[in-house]
Amino acid sequence: MTPPSPKTSPPEAGQAAPNYPPGPPAGSSGPGPSYPIGPPSSSYSSDWLAGTGSTDGLAVIGSADGPWATTAIGPPRPAFAEVALGGGLLLICLGLHIGAMFPPYPGLPANPVVSSSWEIAVYVCLEIGWALAAVLVLTRISVPGGAALGAGLGAVELGLLAVDIANGFQVSDGSEAGAWLALAGLGFGAAGVLVTASTVPLGAPRVPQRRSALFMLLATFAVVLSYLPSWDKWTAVAPSLHASGSVTEGNAFSQPAVVMAAVLLTVLGFAFVAVLGSVWYPLTVGAWATAGAVIALSSQLISAIYQLSEPVPSTAFGVSAAQARSVGLKISTSLTGWWDADVAATVLLAFLALSAALSARKTTTAAAELTPPPGLFGNGSTDGASDDWPASRHWPGA
């Protein structure tokens with residue numbers, strides 16, 4: 001017995017089929033026909049099969065105004081054994097950063113990091129970043145996020161360590177072990193990022209289609225621009241002479257050439273991560289990378305506050321200690337407007353990255369709720385893939 005013909009031609013993929021037969025004739029056995037339920041060709045993007053609209057593990061199919069929008073086709077959660085090596089390397093990186101705080105560290109004089117509050121602030125920020133990356137990977141809360149966080153953190157820290165080592169060679173033979181231990185830790189961190197990235201897909205950059213990406217680029221430019229000028233201002237007052245004066249310190253272009261190159265490496269690393277993070281998809285991965293760069297730069301912003309309590313030698317104003325005592329010279333320190341501008345731009349960039357990530361998650365969650373439940377089509381069809389109907393469908397006899 002042949003199946004009855006539908007009253008009209010078969011609908012396009014994804015449309016309901018009210019005139020299709022509900023199944024085989026009464027009294028016969030066998031499964032009913034499966035009708036195609038793919039995305040309507042008139043409403044959805046042509047790249048839905050490739051999952052190019054995916055955000056954080058869900059592939060967005062089509063546009064938001066369609067009858068259904070997403071299906072969960074993200075990669076499965078990796079097993080702990082797959083991420084253990086990468087996470088372990090990140091923990092080694094963390095341990096070496098902690099160990100770097102105790103040997104002599106480049107400076108004048110060369111003292112351990114733990115002897116200076118502002119250097120402690122730098123290393124605590126870096127250690128928090130590496131610890132968070134290791135936790136994200138080992139707990140598998142967000143393995144791509146952990147890899148991206150470590151990548152952004154390491155890209156900026158490389159420049160910071162280069163500055164410290166370059167300064168060390170300016171005043172000594174560069175044999176201070178602290179900076180070299182931190183550099184070894186950074187090497188293990190980079191290895192951990194690469195190993196972790198090989199276990200999960202991280203996405204890829206894409207032409208931005210949102211206004212927030214432009215704002216993130218502008219904020220990145222503001223961060224870099226305000227990082228290079230002087231942050232520190234020293235003011236000296238001699239009441240007995242009714243004289244005062246001030247100097248600024250920290251301008252990148254007034255440093256020795258090798259130190260200036262290291263500072264430029266720092267800001268280039270930050271700019272590279274932030275710009276790439278603003279155009280990266282999934283957006284959450286780009287946000288984690290930007291967070292890593294922000295954490296590394298924040299170590300400098302926070303340490304600048306602690307440096308306000310550091311004594312300034314009178315020789316900075318060309319006055320010996322004996323002369324300073326004789327005239328009652330008083331020296332105070334403050335931060336310039338460039339530091340304020342850098343803080344504002346960094347906070348803005350962090351807010352924009354967080355907002356973009358939360359918006360992507362909200363959009364993905366809302367779209368996932370529109371996924372049609374099983375049995376949406378009440379005409380006997382199933383909701384799986386189907387071959388062409390009715391030419392390839394063989395109905396059992398009555």
# chains A, B, ... in the order shown; residues from 1 in each chain; ligands from 1
$ select_by_dssp --residues "region 69-317 of chain A" --states "alpha helix (DSSP H)" --output "PyMOL selection string"
chain A and resi 80-99+117-138+143-171+177-197+211-227+257-278+283-306
$ residues_around --residues "region 174-178 of chain A" --least-positions-apart "6" --cutoff "7 Å" --atoms "only C-alpha atoms" --output "PDB file with N, CA and C atoms, in the first residue's frame"
ATOM      1  N   ALA A 100      60.034  33.755  44.337  1.00  0.00           N
ATOM      2  CA  ALA A 100      60.830  34.896  43.872  1.00  0.00           C
ATOM      3  C   ALA A 100      60.782  36.073  44.824  1.00  0.00           C
ATOM      4  N   MET A 101      59.912  36.055  45.813  1.00  0.00           N
ATOM      5  CA  MET A 101      59.773  37.180  46.727  1.00  0.00           C
ATOM      6  C   MET A 101      60.837  37.191  47.824  1.00  0.00           C
ATOM      7  N   PHE A 102      61.631  36.136  47.960  1.00  0.00           N
ATOM      8  CA  PHE A 102      62.541  36.014  49.100  1.00  0.00           C
ATOM      9  C   PHE A 102      64.023  36.212  48.769  1.00  0.00           C
ATOM     10  N   PRO A 103      64.522  35.821  47.592  1.00  0.00           N
ATOM     11  CA  PRO A 103      65.925  36.125  47.283  1.00  0.00           C
ATOM     12  C   PRO A 103      66.106  37.612  46.957  1.00  0.00           C
ATOM     13  N   PRO A 104      67.349  38.079  46.830  1.00  0.00           N
ATOM     14  CA  PRO A 104      67.587  39.473  46.417  1.00  0.00           C
ATOM     15  C   PRO A 104      66.925  39.763  45.071  1.00  0.00           C
ATOM     16  N   TYR A 105      66.349  40.941  44.975  1.00  0.00           N
ATOM     17  CA  TYR A 105      65.629  41.348  43.767  1.00  0.00           C
ATOM     18  C   TYR A 105      66.282  42.609  43.225  1.00  0.00           C
ATOM     19  N   PRO A 106      66.308  42.799  41.901  1.00  0.00           N
ATOM     20  CA  PRO A 106      66.982  43.975  41.329  1.00  0.00           C
ATOM     21  C   PRO A 106      66.478  45.280  41.924  1.00  0.00           C
ATOM     22  N   ILE A 165      64.561  43.491  35.212  1.00  0.00           N
ATOM     23  CA  ILE A 165      65.879  42.933  34.882  1.00  0.00           C
ATOM     24  C   ILE A 165      66.768  43.993  34.245  1.00  0.00           C
ATOM     25  N   GLY A 168      68.016  46.187  36.842  1.00  0.00           N
ATOM     26  CA  GLY A 168      69.044  45.498  37.615  1.00  0.00           C
ATOM     27  C   GLY A 168      70.408  45.591  36.965  1.00  0.00           C
TER      28      GLY A 168
END
$ residues_around --residues "Ala350 (chain A)" --least-positions-apart "6" --cutoff "8 Å" --atoms "only C-alpha atoms" --output "VMD selection string"
chain A and resid 290 to 291 294
$ write_last_selection --atoms "C-alpha atoms" --output "PDB file, in the first residue's frame"
ATOM      1  CA  THR A 290      41.509  41.217  28.923  1.00  0.00           C
ATOM      2  CA  ALA A 291      41.071  40.509  32.641  1.00  0.00           C
ATOM      3  CA  VAL A 294      44.150  44.306  33.561  1.00  0.00           C
TER       4      VAL A 294
END
$ residues_around --residues "Ile305 (chain A)" --least-positions-apart "2" --cutoff "10 Å" --atoms "only C-alpha atoms" --output "list in words"
Ser117, Trp118, Ala121, Asp232, Gln300, Leu301, Ile302, Ser303, Gln307, Leu308, Ser309, Glu310, Ser334, Leu335 and Trp339 of chain A
$ residues_around --residues "Val247 (chain A)" --least-positions-apart "5" --cutoff "10 Å" --atoms "only C-alpha atoms" --output "list of chain:residue names"
A:Ser230, A:Asp232, A:Lys233, A:Trp234, A:Thr235, A:Ala236, A:Ala316, A:Phe317, A:Thr333
$ closest_residue --among "A:Gly185, A:Gly245, A:Pro229, A:Pro256" --to "Ser332 (chain A)" --atoms "only C-alpha atoms"
A:Gly245
$ residues_around --residues "region 136-151 of chain A" --least-positions-apart "2" --cutoff "9 Å" --atoms "only C-alpha atoms" --output "ChimeraX atom specification"
/A:77-80,83-84,86-88,90,129-134,153-156,189-190,192-197,199-202,273,284-293
$ write_last_selection --atoms "C-alpha atoms" --output "short mmCIF file (atom, residue, chain, number, x, y, z; two decimals), in the first residue's frame"
data_model
loop_
_atom_site.label_atom_id
_atom_site.label_comp_id
_atom_site.auth_asym_id
_atom_site.auth_seq_id
_atom_site.Cartn_x
_atom_site.Cartn_y
_atom_site.Cartn_z
CA ARG A 77 33.49 19.35 29.50
CA PRO A 78 37.04 17.99 29.41
CA ALA A 79 38.03 15.27 31.85
CA PHE A 80 40.29 16.20 34.73
CA VAL A 83 43.61 19.48 32.02
CA ALA A 84 45.76 18.19 34.90
CA GLY A 86 48.22 22.37 32.09
CA GLY A 87 46.80 23.19 35.51
CA GLY A 88 49.86 21.67 37.19
CA LEU A 90 50.15 26.92 36.21
CA GLY A 129 46.06 36.18 38.62
CA TRP A 130 48.02 32.93 38.21
CA ALA A 131 46.14 31.29 41.07
CA LEU A 132 42.80 32.19 39.49
CA ALA A 133 43.93 30.80 36.13
CA ALA A 134 44.95 27.51 37.77
CA LEU A 153 48.51 38.03 32.33
CA GLY A 154 51.73 36.60 30.93
CA ALA A 155 51.82 38.93 27.93
CA VAL A 156 51.97 41.99 30.20
CA GLY A 189 52.89 29.70 33.06
CA ALA A 190 53.23 30.09 29.31
CA GLY A 192 50.58 25.75 31.07
CA VAL A 193 48.57 28.11 28.87
CA LEU A 194 49.71 26.34 25.68
CA VAL A 195 49.02 22.85 27.05
CA THR A 196 45.59 23.89 28.32
CA ALA A 197 44.73 25.60 25.05
CA THR A 199 42.69 20.55 25.15
CA VAL A 200 39.76 22.90 24.45
CA PRO A 201 38.67 25.18 21.59
CA LEU A 202 39.29 28.84 22.39
CA VAL A 273 45.79 41.46 24.45
CA THR A 284 33.76 35.38 27.38
CA VAL A 285 37.18 34.09 26.30
CA GLY A 286 38.18 37.55 25.10
CA ALA A 287 36.95 39.02 28.40
CA TRP A 288 39.12 36.60 30.40
CA ALA A 289 42.18 37.52 28.35
CA THR A 290 41.51 41.22 28.92
CA ALA A 291 41.07 40.51 32.64
CA GLY A 292 44.53 38.96 32.75
CA ALA A 293 46.09 42.06 31.18
#
$ atom_distance --atom1 "CA of Leu183 (chain A)" --atom2 "CA of Leu160 (chain A)"
10.2 Å
$ closest_residue --among "A:Val113, A:Val163, A:Ala219, A:Leu297" --to "Ala257 (chain A)" --atoms "only C-alpha atoms"
A:Val163
$ select_by_dssp --residues "region 207-335 of chain A" --states "strand (DSSP E or B)" --output "PyMOL selection string"
chain A and resi 232-238+243-249+280-281+330-335
$ closest_residue --among "A:Ala238, A:Leu225, A:Ala357, A:Leu268" --to "Asn251 (chain A)" --atoms "only C-alpha atoms"
A:Leu225
$ closest_residue --among "A:Pro239, A:Pro311, A:Pro205, A:Gly250" --to "Trp280 (chain A)" --atoms "only C-alpha atoms"
A:Pro205
$ atom_distance --atom1 "CA of Val114 (chain A)" --atom2 "CA of Val259 (chain A)"
23.4 Å
$ residues_around --residues "Leu158 (chain A)" --least-positions-apart "5" --cutoff "10 Å" --atoms "only C-alpha atoms" --output "JSON, numbers by chain"
{"A": [153, 163, 182, 183, 186, 187, 262, 265, 266, 269, 296]}
$ write_last_selection --atoms "N, CA and C atoms" --output "mmCIF file, in the first residue's frame"
data_model
loop_
_atom_site.group_PDB
_atom_site.id
_atom_site.type_symbol
_atom_site.label_atom_id
_atom_site.label_comp_id
_atom_site.auth_asym_id
_atom_site.auth_seq_id
_atom_site.Cartn_x
_atom_site.Cartn_y
_atom_site.Cartn_z
ATOM 1 N N LEU A 153 47.652 37.681 31.207
ATOM 2 C CA LEU A 153 48.515 38.026 32.329
ATOM 3 C C LEU A 153 49.988 37.918 31.943
ATOM 4 N N VAL A 163 61.521 45.068 32.489
ATOM 5 C CA VAL A 163 61.880 46.350 33.101
ATOM 6 C C VAL A 163 62.731 46.123 34.346
ATOM 7 N N ALA A 182 61.200 34.570 38.960
ATOM 8 C CA ALA A 182 59.904 34.999 38.420
ATOM 9 C C ALA A 182 59.836 34.749 36.915
ATOM 10 N N LEU A 183 60.961 34.975 36.222
ATOM 11 C CA LEU A 183 60.975 34.730 34.776
ATOM 12 C C LEU A 183 60.806 33.242 34.480
ATOM 13 N N LEU A 186 57.232 32.496 34.853
ATOM 14 C CA LEU A 186 56.474 32.940 33.682
ATOM 15 C C LEU A 186 56.592 31.923 32.547
ATOM 16 N N GLY A 187 57.775 31.303 32.416
ATOM 17 C CA GLY A 187 57.934 30.273 31.385
ATOM 18 C C GLY A 187 57.028 29.086 31.634
ATOM 19 N N ALA A 262 61.895 48.085 27.372
ATOM 20 C CA ALA A 262 61.132 47.142 28.190
ATOM 21 C C ALA A 262 59.762 47.717 28.561
ATOM 22 N N LEU A 265 57.612 47.414 25.616
ATOM 23 C CA LEU A 265 57.173 46.022 25.488
ATOM 24 C C LEU A 265 55.975 45.748 26.380
ATOM 25 N N THR A 266 55.971 46.352 27.563
ATOM 26 C CA THR A 266 54.840 46.174 28.485
ATOM 27 C C THR A 266 53.547 46.710 27.888
ATOM 28 N N GLY A 269 52.356 44.701 24.865
ATOM 29 C CA GLY A 269 51.714 43.452 25.281
ATOM 30 C C GLY A 269 50.295 43.699 25.763
ATOM 31 N N ALA A 296 47.540 42.383 35.557
ATOM 32 C CA ALA A 296 48.969 42.687 35.506
ATOM 33 C C ALA A 296 49.220 44.188 35.583
#
$ atom_distance --atom1 "CA of Phe253 (chain A)" --atom2 "CA of Leu228 (chain A)"
7.7 Å
